[in-house]
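**Q** What follows is model-v4.pdb; its format and atoms are PDB, C-alpha atoms.
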```
MODEL        1
ATOM      1  CA  MET A   1     -26.198  85.628-143.576
ATOM      2  CA  LEU A   2     -27.287  88.415-145.938
ATOM      3  CA  VAL A   3     -25.241  90.984-143.995
ATOM      4  CA  LEU A   4     -22.073  88.973-144.562
ATOM      5  CA  SER A   5     -22.684  88.445-148.260
ATOM      6  CA  ASP A   6     -24.278  91.797-149.146
ATOM      7  CA  ARG A   7     -21.695  94.123-147.647
ATOM      8  CA  PRO A   8     -19.043  96.026-149.636
ATOM      9  CA  ALA A   9     -15.811  94.238-150.485
ATOM     10  CA  ALA A  10     -12.479  95.314-149.053
ATOM     11  CA  PRO A  11     -10.622  97.966-151.050
ATOM     12  CA  THR A  12      -7.728  96.648-153.148
ATOM     13  CA  ASN A  13      -4.566  97.998-154.815
ATOM     14  CA  ILE A  14      -3.864 100.453-151.987
ATOM     15  CA  THR A  15      -0.880 102.596-152.933
ATOM     16  CA  PHE A  16       0.883 105.787-151.937
ATOM     17  CA  ARG A  17       1.720 108.019-154.904
ATOM     18  CA  SER A  18       3.107 111.485-155.519
ATOM     19  CA  SER A  19       0.502 114.218-155.456
ATOM     20  CA  SER A  20       0.185 116.834-158.172
ATOM     21  CA  GLY A  21      -0.075 119.477-155.433
ATOM     22  CA  GLU A  22       2.797 120.469-153.151
ATOM     23  CA  ILE A  23       6.274 119.082-153.645
ATOM     24  CA  GLY A  24       6.744 116.045-151.421
ATOM     25  CA  SER A  25       3.025 115.574-150.798
ATOM     26  CA  GLN A  26       1.416 112.203-151.384
ATOM     27  CA  GLU A  27      -1.957 110.706-152.098
ATOM     28  CA  LEU A  28      -3.266 107.412-150.821
ATOM     29  CA  ALA A  29      -5.283 105.731-153.584
ATOM     30  CA  TRP A  30      -7.116 102.417-153.947
ATOM     31  CA  THR A  31      -9.487 100.555-156.231
ATOM     32  CA  PRO A  32     -12.938 101.515-154.951
ATOM     33  CA  SER A  33     -15.400  98.944-153.702
ATOM     34  CA  THR A  34     -18.831  98.792-155.341
ATOM     35  CA  ASN A  35     -21.867 100.225-153.499
ATOM     36  CA  THR A  36     -19.654 102.269-151.191
ATOM     37  CA  ALA A  37     -20.686 105.439-149.366
ATOM     38  CA  GLY A  38     -17.447 105.878-147.414
ATOM     39  CA  TYR A  39     -14.381 104.262-145.901
ATOM     40  CA  ILE A  40     -12.949 103.608-142.442
ATOM     41  CA  PHE A  41      -9.205 103.874-141.969
ATOM     42  CA  ALA A  42      -7.539 101.879-139.195
ATOM     43  CA  LEU A  43      -4.054 103.091-138.246
ATOM     44  CA  ARG A  44      -1.384 101.322-136.228
ATOM     45  CA  ASP A  45       1.420 103.056-134.337
ATOM     46  CA  SER A  46       5.015 102.008-134.974
ATOM     47  CA  ASN A  47       5.258 100.217-131.637
ATOM     48  CA  GLY A  48       1.675  98.950-131.596
ATOM     49  CA  LEU A  49       0.338  95.477-132.114
ATOM     50  CA  THR A  50      -3.241  96.609-132.755
ATOM     51  CA  TYR A  51      -4.929  99.434-134.649
ATOM     52  CA  ASN A  52      -5.390 102.275-132.195
ATOM     53  CA  ARG A  53      -6.506 105.199-134.387
ATOM     54  CA  TRP A  54      -9.544 105.365-136.647
ATOM     55  CA  PHE A  55     -11.166 107.889-138.961
ATOM     56  CA  GLN A  56     -13.850 107.900-141.636
ATOM     57  CA  VAL A  57     -13.986 109.611-145.044
ATOM     58  CA  GLY A  58     -16.571 109.941-147.813
ATOM     59  CA  ALA A  59     -16.684 107.967-151.045
ATOM     60  CA  PRO A  60     -13.741 109.285-153.082
ATOM     61  CA  ASN A  61     -11.039 106.654-153.499
ATOM     62  CA  VAL A  62      -8.144 109.121-153.193
ATOM     63  CA  PHE A  63      -7.045 110.707-149.935
ATOM     64  CA  ALA A  64      -4.457 113.503-149.539
ATOM     65  CA  TRP A  65      -1.766 112.029-147.293
ATOM     66  CA  ASN A  66       0.292 114.357-145.134
ATOM     67  CA  SER A  67       3.270 112.447-143.750
ATOM     68  CA  GLU A  68       3.773 115.007-140.962
ATOM     69  CA  THR A  69       0.225 114.537-139.675
ATOM     70  CA  PHE A  70       0.572 110.763-139.753
ATOM     71  CA  SER A  71       4.156 110.510-138.503
ATOM     72  CA  GLY A  72       4.845 107.713-136.046
ATOM     73  CA  LEU A  73       2.449 105.345-137.790
ATOM     74  CA  ASP A  74       3.576 102.035-139.208
ATOM     75  CA  ALA A  75       0.598 100.582-141.098
ATOM     76  CA  LEU A  76      -3.018 101.073-142.153
ATOM     77  CA  ALA A  77      -6.000  99.081-143.375
ATOM     78  CA  ILE A  78      -9.180 100.331-145.084
ATOM     79  CA  ALA A  79     -12.764  99.034-144.921
ATOM     80  CA  ALA A  80     -15.690 100.169-147.080
ATOM     81  CA  ILE A  81     -19.067 101.252-145.677
ATOM     82  CA  ASP A  82     -22.287 101.076-147.696
ATOM     83  CA  ALA A  83     -25.198 103.556-147.664
ATOM     84  CA  ASN A  84     -26.881 101.548-144.876
ATOM     85  CA  GLY A  85     -23.838 101.843-142.611
ATOM     86  CA  ARG A  86     -22.744  98.228-143.038
ATOM     87  CA  GLN A  87     -18.998  97.812-142.895
ATOM     88  CA  GLY A  88     -17.177  95.349-145.096
ATOM     89  CA  PRO A  89     -13.953  93.541-144.198
ATOM     90  CA  PHE A  90     -10.701  95.429-143.831
ATOM     91  CA  SER A  91      -8.076  95.325-146.550
ATOM     92  CA  LEU A  92      -4.739  93.689-146.011
ATOM     93  CA  GLU A  93      -2.408  95.791-143.895
ATOM     94  CA  VAL A  94      -0.392  98.329-145.892
ATOM     95  CA  PRO A  95       2.951  99.679-144.613
ATOM     96  CA  ILE A  96       3.123 103.469-144.363
ATOM     97  CA  PRO A  97       6.231 104.788-146.146
ATOM     98  CA  ARG A  98       8.746 106.753-144.108
ATOM     99  CA  GLN A  99       9.663 110.234-145.296
TER
ENDMDL
END
```
For the file at hand, write its structure as structure tokens.
**A**
Amino acid sequence: MLVLSDRPAAPTNITFRSSSGEIGSQELAWTPSTNTAGYIFALRDSNGLTYNRWFQVGAPNVFAWNSETFSGLDALAIAAIDANGRQGPFSLEVPIPRQ
């Protein structure tokens, strides 16, 4: 029962925002979970019913989002991972904006 109660919470307030870098570039930002060492992103294709792509990033709570790289995707969810490798629950699904 400790694993269920002692794991990181799901990230919240997930938003896409304009980046201060290149024109038209975006950042994906969220409220970080406490005791987090990294995050897992689950991505769902436009025609998919399940998440079929995954990747992991370190602890920053801002990710440079390139719409060309992630074209054809419809939604994402994010889960936090603690320093012991325990994964928390995934966030609610977030629609990926079309460019």
**Q** To test your reading of the syntax: which residues would the PyMOL selection byres ((chain A and resi 61) around 7) return for the file shown? Reply as a list in words.
**A**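 The output of the PyMOL selection byres ((chain A and resi 61) around 7) on this file is Ala29, Trp30, Thr31, Pro32, Ala59, Pro60, Val62 and Phe63 of chain A.
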**Q** Using only C-alpha atoms, which protein or nucleic acid residues come within 7 Å of region 66-78 of chain A? Drop anything in the same chain fewer than 3 positions from it, and give the result as a ChimeraX atom specification.
**A** /A:11,25-26,39-46,90-96,99
**Q** Write out, as a PDB file, in the frame of the given file, the residues just selected, with C-alpha atoms.
**A**
```pdb
ATOM      1  CA  PRO A  11     -10.622  97.966-151.050  1.00  0.00           C
ATOM      2  CA  SER A  25       3.025 115.574-150.798  1.00  0.00           C
ATOM      3  CA  GLN A  26       1.416 112.203-151.384  1.00  0.00           C
ATOM      4  CA  TYR A  39     -14.381 104.262-145.901  1.00  0.00           C
ATOM      5  CA  ILE A  40     -12.949 103.608-142.442  1.00  0.00           C
ATOM      6  CA  PHE A  41      -9.205 103.874-141.969  1.00  0.00           C
ATOM      7  CA  ALA A  42      -7.539 101.879-139.195  1.00  0.00           C
ATOM      8  CA  LEU A  43      -4.054 103.091-138.246  1.00  0.00           C
ATOM      9  CA  ARG A  44      -1.384 101.322-136.228  1.00  0.00           C
ATOM     10  CA  ASP A  45       1.420 103.056-134.337  1.00  0.00           C
ATOM     11  CA  SER A  46       5.015 102.008-134.974  1.00  0.00           C
ATOM     12  CA  PHE A  90     -10.701  95.429-143.831  1.00  0.00           C
ATOM     13  CA  SER A  91      -8.076  95.325-146.550  1.00  0.00           C
ATOM     14  CA  LEU A  92      -4.739  93.689-146.011  1.00  0.00           C
ATOM     15  CA  GLU A  93      -2.408  95.791-143.895  1.00  0.00           C
ATOM     16  CA  VAL A  94      -0.392  98.329-145.892  1.00  0.00           C
ATOM     17  CA  PRO A  95       2.951  99.679-144.613  1.00  0.00           C
ATOM     18  CA  ILE A  96       3.123 103.469-144.363  1.00  0.00           C
ATOM     19  CA  GLN A  99       9.663 110.234-145.296  1.00  0.00           C
TER      20      GLN A  99
END
```
**Q** Work out how far apart CA of Gln87 (chain A) and CA of Leu28 (chain A) are and give it in Å to one decimal.
**A** 20.1 Å
**Q** How many Å lie between CA of Arg98 (chain A) and CA of Gly58 (chain A), rounded to one decimal?
**A**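 About the pair CA of Arg98 (chain A) and CA of Gly58 (chain A): they are 25.8 Å apart.
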**Q** To one decimal in Å, tell me the separation between CA of Asn35 (chain A) and CA of Phe55 (chain A).
**A**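 These two atoms are separated by 19.6 Å.
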**Q** Using all atoms listed in the file for the distances, tell me which of A:Arg53, A:Ser19, A:Ala9, A:Ala64 is nearest to Ala79 (chain A).
**A**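 Smallest distance to Ala79 (chain A) is found for A:Ala9.
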**Q** Quick check on the file I pasted: which residues fall under the PyMOL selection byres ((chain A and resi 84) around 10)? Write them as JSON, numbers by chain.
**A** {"A": [7, 36, 37, 81, 82, 83, 85, 86, 87]}
**Q** Go ahead and fit an axis-aligned box to every listed atom of region 74-90 of chain A plus 6 Å each side, and pass me the centre and edge lengths in Å, one decimal, as JSON.
**A**
```
{"center_x": -11.7, "center_y": 98.5, "center_z": -143.5, "size_x": 42.5, "size_y": 22.0, "size_z": 20.5}
```
